[in-house]
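Source file: work37.tsv (TSV, N, CA, C and O atoms)
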```tsv
chain	number	residue	atom	x	y	z
A	1	GLY	N	11.19	-10.88	-10.43
A	1	GLY	CA	12.34	-10.36	-9.76
A	1	GLY	C	12.10	-10.11	-8.28
A	1	GLY	O	12.77	-9.28	-7.71
A	2	CYS	N	11.16	-10.81	-7.65
A	2	CYS	CA	10.89	-10.60	-6.23
A	2	CYS	C	11.23	-11.87	-5.46
A	2	CYS	O	10.92	-12.96	-5.90
A	3	GLU	N	11.84	-11.71	-4.29
A	3	GLU	CA	12.23	-12.88	-3.51
A	3	GLU	C	11.10	-13.43	-2.65
A	3	GLU	O	11.20	-14.53	-2.13
A	4	HIS	N	10.02	-12.68	-2.48
A	4	HIS	CA	8.89	-13.11	-1.66
A	4	HIS	C	7.66	-13.34	-2.53
A	4	HIS	O	7.45	-12.65	-3.51
A	5	LEU	N	6.84	-14.29	-2.14
A	5	LEU	CA	5.61	-14.54	-2.88
A	5	LEU	C	4.41	-13.84	-2.26
A	5	LEU	O	3.37	-13.72	-2.89
A	6	LEU	N	4.55	-13.37	-1.00
A	6	LEU	CA	3.48	-12.65	-0.31
A	6	LEU	C	4.13	-11.59	0.57
A	6	LEU	O	5.05	-11.89	1.32
A	7	TRP	N	3.68	-10.33	0.47
A	7	TRP	CA	4.29	-9.25	1.24
A	7	TRP	C	3.31	-8.10	1.42
A	7	TRP	O	2.28	-8.05	0.77
A	8	LEU	N	3.63	-7.18	2.33
A	8	LEU	CA	2.89	-5.93	2.47
A	8	LEU	C	3.55	-4.89	1.57
A	8	LEU	O	4.78	-4.84	1.48
A	9	LEU	N	2.74	-4.07	0.95
A	9	LEU	CA	3.27	-3.06	0.03
A	9	LEU	C	4.02	-1.97	0.78
A	9	LEU	O	3.69	-1.64	1.92
A	10	SER	N	4.99	-1.40	0.12
A	10	SER	CA	5.75	-0.28	0.67
A	10	SER	C	5.14	1.03	0.20
A	10	SER	O	4.37	1.07	-0.78
A	11	GLU	N	5.51	2.10	0.87
A	11	GLU	CA	5.04	3.43	0.48
A	11	GLU	C	5.46	3.75	-0.95
A	11	GLU	O	4.69	4.29	-1.73
A	12	GLU	N	6.68	3.39	-1.33
A	12	GLU	CA	7.15	3.65	-2.68
A	12	GLU	C	6.38	2.84	-3.72
A	12	GLU	O	6.09	3.34	-4.81
A	13	GLN	N	6.02	1.60	-3.41
A	13	GLN	CA	5.26	0.78	-4.36
A	13	GLN	C	3.87	1.35	-4.60
A	13	GLN	O	3.31	1.22	-5.68
A	14	VAL	N	3.29	2.00	-3.59
A	14	VAL	CA	1.95	2.56	-3.73
A	14	VAL	C	1.98	3.99	-4.28
A	14	VAL	O	1.24	4.32	-5.19
A	15	PHE	N	2.85	4.84	-3.73
A	15	PHE	CA	2.84	6.26	-4.08
A	15	PHE	C	3.98	6.72	-4.98
A	15	PHE	O	3.98	7.84	-5.47
A	16	GLY	N	4.98	5.87	-5.19
A	16	GLY	CA	6.12	6.25	-6.02
A	16	GLY	C	7.09	7.14	-5.26
A	16	GLY	O	6.97	7.34	-4.06
A	17	SER	N	8.05	7.65	-5.98
A	17	SER	CA	9.06	8.53	-5.40
A	17	SER	C	9.50	9.54	-6.45
A	17	SER	O	9.12	9.45	-7.61
A	18	ASN	N	10.31	10.47	-6.04
A	18	ASN	CA	10.85	11.46	-6.97
A	18	ASN	C	12.25	11.06	-7.44
A	18	ASN	O	12.94	11.86	-8.06
A	19	LEU	N	12.65	9.85	-7.15
A	19	LEU	CA	13.97	9.37	-7.54
A	19	LEU	C	13.94	8.90	-8.99
A	19	LEU	O	12.88	8.53	-9.51
A	20	PRO	N	15.10	8.90	-9.66
A	20	PRO	CA	15.13	8.41	-11.05
A	20	PRO	C	14.63	6.98	-11.19
A	20	PRO	O	13.97	6.64	-12.15
A	21	PHE	N	14.94	6.13	-10.20
A	21	PHE	CA	14.45	4.75	-10.23
A	21	PHE	C	13.22	4.68	-9.34
A	21	PHE	O	13.30	4.80	-8.13
A	22	ASP	N	12.07	4.51	-9.94
A	22	ASP	CA	10.80	4.55	-9.21
A	22	ASP	C	10.19	3.15	-9.18
A	22	ASP	O	10.00	2.53	-10.20
A	23	ASP	N	9.88	2.65	-7.97
A	23	ASP	CA	9.32	1.31	-7.80
A	23	ASP	C	7.80	1.30	-7.74
A	23	ASP	O	7.22	0.28	-7.36
A	24	GLN	N	7.14	2.40	-8.07
A	24	GLN	CA	5.68	2.43	-7.98
A	24	GLN	C	5.08	1.39	-8.91
A	24	GLN	O	5.46	1.27	-10.08
A	25	LEU	N	4.14	0.62	-8.38
A	25	LEU	CA	3.44	-0.38	-9.19
A	25	LEU	C	2.52	0.33	-10.17
A	25	LEU	O	1.83	1.30	-9.82
A	26	GLU	N	2.48	-0.15	-11.37
A	26	GLU	CA	1.67	0.47	-12.43
A	26	GLU	C	0.21	0.63	-11.98
A	26	GLU	O	-0.41	1.66	-12.19
A	27	LEU	N	-0.35	-0.39	-11.34
A	27	LEU	CA	-1.74	-0.35	-10.88
A	27	LEU	C	-1.99	0.82	-9.92
A	27	LEU	O	-3.06	1.43	-9.95
A	28	MET	N	-1.01	1.15	-9.09
A	28	MET	CA	-1.18	2.17	-8.06
A	28	MET	C	-0.99	3.60	-8.57
A	28	MET	O	-1.17	4.56	-7.83
A	29	ARG	N	-0.66	3.76	-9.83
A	29	ARG	CA	-0.51	5.12	-10.39
A	29	ARG	C	-1.85	5.86	-10.41
A	29	ARG	O	-1.90	7.06	-10.37
A	30	ASP	N	-2.94	5.12	-10.46
A	30	ASP	CA	-4.28	5.71	-10.42
A	30	ASP	C	-4.80	5.61	-8.99
A	30	ASP	O	-4.98	4.51	-8.48
A	31	PRO	N	-5.06	6.76	-8.32
A	31	PRO	CA	-5.49	6.73	-6.92
A	31	PRO	C	-6.73	5.88	-6.64
A	31	PRO	O	-6.89	5.37	-5.55
A	32	LYS	N	-7.60	5.69	-7.62
A	32	LYS	CA	-8.80	4.88	-7.37
A	32	LYS	C	-8.46	3.43	-7.04
A	32	LYS	O	-9.22	2.75	-6.37
A	33	HIS	N	-7.29	2.95	-7.48
A	33	HIS	CA	-6.87	1.58	-7.17
A	33	HIS	C	-6.29	1.45	-5.77
A	33	HIS	O	-6.04	0.35	-5.30
A	34	ARG	N	-6.08	2.58	-5.09
A	34	ARG	CA	-5.56	2.56	-3.73
A	34	ARG	C	-6.69	2.50	-2.70
A	34	ARG	O	-6.45	2.24	-1.53
A	35	VAL	N	-7.91	2.75	-3.12
A	35	VAL	CA	-9.06	2.77	-2.21
A	35	VAL	C	-9.50	1.34	-1.93
A	35	VAL	O	-9.66	0.53	-2.83
A	36	CYS	N	-9.68	1.05	-0.65
A	36	CYS	CA	-10.13	-0.27	-0.22
A	36	CYS	C	-11.56	-0.14	0.31
A	36	CYS	O	-11.80	0.63	1.24
A	37	SER	N	-12.48	-0.87	-0.28
A	37	SER	CA	-13.89	-0.78	0.11
A	37	SER	C	-14.40	-2.10	0.67
A	37	SER	O	-14.03	-3.16	0.20
A	38	TYR	N	-15.26	-1.98	1.66
A	38	TYR	CA	-15.95	-3.13	2.21
A	38	TYR	C	-17.15	-3.46	1.32
A	38	TYR	O	-17.58	-2.63	0.51
A	39	PRO	N	-17.74	-4.65	1.46
A	39	PRO	CA	-18.90	-5.01	0.65
A	39	PRO	C	-20.06	-4.01	0.77
A	39	PRO	O	-20.82	-3.83	-0.18
A	40	ASP	N	-20.20	-3.35	1.93
A	40	ASP	CA	-21.29	-2.39	2.09
A	40	ASP	C	-20.98	-1.03	1.45
A	40	ASP	O	-21.78	-0.11	1.52
A	41	GLY	N	-19.79	-0.91	0.84
A	41	GLY	CA	-19.43	0.33	0.16
A	41	GLY	C	-18.62	1.30	1.00
A	41	GLY	O	-18.08	2.27	0.47
A	42	SER	N	-18.55	1.08	2.31
A	42	SER	CA	-17.74	1.97	3.15
A	42	SER	C	-16.26	1.73	2.85
A	42	SER	O	-15.87	0.66	2.40
A	43	ARG	N	-15.46	2.75	3.10
A	43	ARG	CA	-14.03	2.68	2.78
A	43	ARG	C	-13.19	2.51	4.04
A	43	ARG	O	-13.60	2.89	5.12
A	44	ALA	N	-12.01	1.95	3.85
A	44	ALA	CA	-11.13	1.67	4.99
A	44	ALA	C	-9.72	2.18	4.74
A	44	ALA	O	-9.26	2.25	3.60
A	45	ASN	N	-9.04	2.52	5.83
A	45	ASN	CA	-7.61	2.78	5.78
A	45	ASN	C	-6.91	1.42	5.76
A	45	ASN	O	-7.44	0.44	6.26
A	46	TRP	N	-5.70	1.37	5.19
A	46	TRP	CA	-4.93	0.13	5.24
A	46	TRP	C	-3.45	0.44	5.41
A	46	TRP	O	-2.94	1.43	4.90
A	47	TRP	N	-2.79	-0.40	6.21
A	47	TRP	CA	-1.40	-0.19	6.58
A	47	TRP	C	-0.43	-0.55	5.46
A	47	TRP	O	-0.67	-1.47	4.70
A	48	LEU	N	0.67	0.18	5.43
A	48	LEU	CA	1.82	-0.17	4.60
A	48	LEU	C	2.90	-0.73	5.52
A	48	LEU	O	2.76	-0.68	6.74
A	49	ARG	N	3.97	-1.24	4.98
A	49	ARG	CA	5.01	-1.83	5.82
A	49	ARG	C	6.01	-0.81	6.36
A	49	ARG	O	6.87	-1.13	7.16
A	50	ASP	N	5.91	0.45	5.95
A	50	ASP	CA	6.90	1.46	6.30
A	50	ASP	C	6.66	2.12	7.65
A	50	ASP	O	5.53	2.46	7.99
A	51	VAL	N	7.73	2.33	8.39
A	51	VAL	CA	7.69	3.09	9.63
A	51	VAL	C	7.81	4.56	9.28
A	51	VAL	O	8.71	4.97	8.55
A	52	ALA	N	6.87	5.38	9.77
A	52	ALA	CA	6.88	6.81	9.49
A	52	ALA	C	7.63	7.58	10.58
A	52	ALA	O	8.24	8.60	10.32
A	53	ALA	N	7.57	7.12	11.80
A	53	ALA	CA	8.26	7.72	12.95
A	53	ALA	C	8.36	6.63	14.01
A	53	ALA	O	7.92	5.51	13.78
A	54	SER	N	8.88	6.95	15.17
A	54	SER	CA	9.17	5.92	16.17
A	54	SER	C	8.01	4.97	16.46
A	54	SER	O	8.20	3.77	16.56
A	55	ALA	N	6.81	5.45	16.62
A	55	ALA	CA	5.66	4.58	16.90
A	55	ALA	C	4.55	4.77	15.87
A	55	ALA	O	3.39	4.48	16.14
A	56	TYR	N	4.89	5.26	14.70
A	56	TYR	CA	3.90	5.54	13.66
A	56	TYR	C	4.24	4.77	12.38
A	56	TYR	O	5.40	4.66	12.00
A	57	PHE	N	3.20	4.24	11.77
A	57	PHE	CA	3.37	3.54	10.51
A	57	PHE	C	2.65	4.29	9.40
A	57	PHE	O	1.66	4.98	9.64
A	58	ALA	N	3.13	4.12	8.18
A	58	ALA	CA	2.49	4.72	7.02
A	58	ALA	C	1.24	3.92	6.67
A	58	ALA	O	1.18	2.71	6.89
A	59	TYR	N	0.23	4.61	6.17
A	59	TYR	CA	-0.97	3.93	5.71
A	59	TYR	C	-1.54	4.63	4.50
A	59	TYR	O	-1.13	5.73	4.14
A	60	VAL	N	-2.49	3.98	3.85
A	60	VAL	CA	-3.25	4.56	2.76
A	60	VAL	C	-4.61	4.90	3.34
A	60	VAL	O	-5.29	4.03	3.90
A	61	GLY	N	-5.00	6.15	3.23
A	61	GLY	CA	-6.27	6.59	3.79
A	61	GLY	C	-7.45	6.12	2.96
A	61	GLY	O	-7.32	5.65	1.83
A	62	ALA	N	-8.64	6.24	3.52
A	62	ALA	CA	-9.86	5.82	2.84
A	62	ALA	C	-10.06	6.56	1.52
A	62	ALA	O	-10.76	6.09	0.64
A	63	ASN	N	-9.40	7.71	1.38
A	63	ASN	CA	-9.49	8.49	0.14
A	63	ASN	C	-8.41	8.09	-0.88
A	63	ASN	O	-8.35	8.64	-1.97
A	64	GLY	N	-7.50	7.16	-0.50
A	64	GLY	CA	-6.46	6.70	-1.41
A	64	GLY	C	-5.16	7.48	-1.31
A	64	GLY	O	-4.25	7.26	-2.10
A	65	TYR	N	-5.07	8.37	-0.33
A	65	TYR	CA	-3.86	9.19	-0.19
A	65	TYR	C	-3.05	8.78	1.04
A	65	TYR	O	-3.54	8.09	1.92
A	66	ALA	N	-1.80	9.22	1.10
A	66	ALA	CA	-0.86	8.82	2.15
A	66	ALA	C	-1.20	9.44	3.49
A	66	ALA	O	-1.71	10.56	3.56
A	67	GLY	N	-0.87	8.71	4.54
A	67	GLY	CA	-1.01	9.20	5.90
A	67	GLY	C	-0.14	8.38	6.82
A	67	GLY	O	0.56	7.47	6.38
A	68	ASN	N	-0.15	8.72	8.10
A	68	ASN	CA	0.53	7.89	9.09
A	68	ASN	C	-0.23	7.99	10.40
A	68	ASN	O	-0.93	8.97	10.64
A	69	ASN	N	-0.12	6.96	11.21
A	69	ASN	CA	-0.85	6.93	12.45
A	69	ASN	C	-0.12	6.04	13.45
A	69	ASN	O	0.75	5.25	13.07
A	70	ALA	N	-0.49	6.17	14.71
A	70	ALA	CA	0.14	5.39	15.77
A	70	ALA	C	-0.08	3.90	15.52
A	70	ALA	O	-1.15	3.48	15.09
A	71	ALA	N	0.92	3.12	15.82
A	71	ALA	CA	0.86	1.69	15.60
A	71	ALA	C	-0.20	1.01	16.46
A	71	ALA	O	-0.60	-0.12	16.18
A	72	SER	N	-0.68	1.70	17.49
A	72	SER	CA	-1.70	1.11	18.35
A	72	SER	C	-3.10	1.12	17.72
A	72	SER	O	-4.00	0.44	18.20
A	73	TYR	N	-3.30	1.89	16.66
A	73	TYR	CA	-4.60	1.93	15.99
A	73	TYR	C	-4.78	0.68	15.14
A	73	TYR	O	-3.83	0.15	14.57
A	74	SER	N	-6.01	0.22	15.05
A	74	SER	CA	-6.26	-0.95	14.21
A	74	SER	C	-6.46	-0.50	12.77
A	74	SER	O	-6.89	0.62	12.50
A	75	GLY	N	-6.14	-1.36	11.87
A	75	GLY	CA	-6.30	-1.08	10.45
A	75	GLY	C	-6.12	-2.36	9.68
A	75	GLY	O	-5.59	-3.35	10.20
A	76	GLY	N	-6.56	-2.38	8.47
A	76	GLY	CA	-6.42	-3.57	7.64
A	76	GLY	C	-5.12	-3.56	6.87
A	76	GLY	O	-4.36	-2.60	6.90
A	77	VAL	N	-4.86	-4.64	6.21
A	77	VAL	CA	-3.73	-4.74	5.31
A	77	VAL	C	-4.23	-5.27	3.97
A	77	VAL	O	-5.26	-5.93	3.90
A	78	ARG	N	-3.51	-4.93	2.94
A	78	ARG	CA	-3.81	-5.45	1.61
A	78	ARG	C	-2.54	-6.13	1.13
A	78	ARG	O	-1.67	-5.49	0.54
A	79	PRO	N	-2.39	-7.41	1.40
A	79	PRO	CA	-1.16	-8.08	0.99
A	79	PRO	C	-1.05	-8.16	-0.53
A	79	PRO	O	-2.05	-8.20	-1.24
A	80	ALA	N	0.19	-8.14	-0.99
A	80	ALA	CA	0.47	-8.31	-2.41
A	80	ALA	C	0.99	-9.73	-2.60
A	80	ALA	O	1.59	-10.31	-1.70
A	81	PHE	N	0.75	-10.30	-3.75
A	81	PHE	CA	1.24	-11.63	-4.01
A	81	PHE	C	1.51	-11.79	-5.49
A	81	PHE	O	1.05	-11.00	-6.31
A	82	ILE	N	2.29	-12.79	-5.81
A	82	ILE	CA	2.68	-13.07	-7.19
A	82	ILE	C	1.90	-14.28	-7.68
A	82	ILE	O	1.84	-15.30	-7.01
A	83	ILE	N	1.30	-14.13	-8.85
A	83	ILE	CA	0.65	-15.25	-9.51
A	83	ILE	C	1.53	-15.64	-10.68
A	83	ILE	O	1.75	-14.83	-11.58
A	84	GLU	N	2.03	-16.84	-10.64
A	84	GLU	CA	2.91	-17.29	-11.72
A	84	GLU	C	2.08	-17.98	-12.80
A	84	GLU	O	1.19	-18.77	-12.51
A	85	ASN	N	2.40	-17.65	-14.02
A	85	ASN	CA	1.75	-18.27	-15.17
A	85	ASN	C	2.56	-19.51	-15.54
A	85	ASN	O	3.63	-19.40	-16.09
A	86	LEU	N	2.05	-20.67	-15.18
A	86	LEU	CA	2.81	-21.90	-15.44
A	86	LEU	C	2.50	-22.39	-16.80
A	86	LEU	O	2.04	-22.95	-17.45
```

Represent the supplied structure as C-alpha cells.
Amino acid sequence: GCEHLLWLLSEEQVFGSNLPFDDQLELMRDPKHRVCSYPDGSRANWWLRDVAASAYFAYVGANGYAGNNAASYSGGVRPAFIIENL
C-alpha cells in the first residue's frame, strides 16, 4: 500500500502516535531497532523526513529516542525500502 519504493522514515513510522490510527512500523516498536551502529560499535544519530521547526529536523538519537536539531548539522539517514516477493 505504498506509492514509493524508497523513502526516508517519518517520525510517526518510527515513534508512533497517540491517534487511533497509528502508522508506527512493527519493527520500530522496540527501541533497540531504532539504534544505528557503525561497524566499530559506535552509535549514530539519523535524520527523519519531518520538519520539527523552521530550520530544525526530527532525528533519532544514538540512544534510539526522538530529538531535533538544526538542518545545518550533518547526520546519516536510514532509508526504508520495499522488497517484493515475486

Can you work out which one of A:Pro39, A:Asn69, A:Gly75, A:Pro31 has the shortest atom-to-atom distance to A:Ala52, counting all atoms listed in the file?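 Of A:Pro39, A:Asn69, A:Gly75, A:Pro31, the one nearest A:Ala52 is A:Asn69, counting all atoms listed in the file.
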
Kindly provide, as a PyMOL selection string, the polymer residues lying within 12 Å of (-10.9, 2.6, -5.1), counting only C-alpha atoms and using the coordinates exactly as they appear in the file. chain A and resi 27-38+41-45+60-65

Using only C-alpha atoms, which residue out of A:Ala66, A:Pro79, A:Leu48, A:Phe57 lies closest to A:Phe15?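 The shortest atom-to-atom distance to A:Phe15 comes from A:Ala66.
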
Hey, can you check how far atom CA of A:Ala80 sits from atom C of A:Leu5?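 So the answer is 6.8 Å.
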
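Across the model, the gap from atom C of A:Gly76 to atom N of A:Ser54 is 19.4 Å.
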
Go ahead and compute the interatomic distance for atom C of A:Leu25 and atom N of A:Glu11, in Å to one decimal. 11.6 Å

Identify all residues of chain A in helix (DSSP H, G or I) (DSSP on the backbone) and supply them as a PyMOL selection string. chain A and resi 11-15+26-29+31-34

Taking the chain letters and numbering used in this document, name the residues of stretch 6-84 of chain A that DSSP puts in strand (DSSP E or B), as a PyMOL selection string. chain A and resi 6-8+36-37+43-44+46-53+56-60+66-70+76-77+79-81

Could you pull out every residue with an atom within 6 Å of (5.5, -0.7, -2.9), file coordinates, counting only N, CA, C and O atoms, and send them as a list of chain:residue names?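 Counting only N, CA, C and O atoms, I find these residues within 6 Å of (5.5, -0.7, -2.9): A:Leu9, A:Ser10, A:Glu11, A:Glu12, A:Gln13, A:Val14, A:Asp23, A:Gln24, A:Leu25.
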
Could you give me the axis-aligned bounding box of stretch 1-20 of chain A, with 4 Å of padding per side, as centre plus edge lengths in Å to one decimal, as AutoDock Vina command-line options?
```
--center_x 8.2 --center_y -1.3 --center_z -4.8 --size_x 21.9 --size_y 34.4 --size_z 22.6
```

Could you check the closest approach to A:Gly67 for each of A:Trp47, A:Phe21, A:Ala55, A:Ile82 and tell me which residue wins, using only C-alpha atoms? A:Trp47
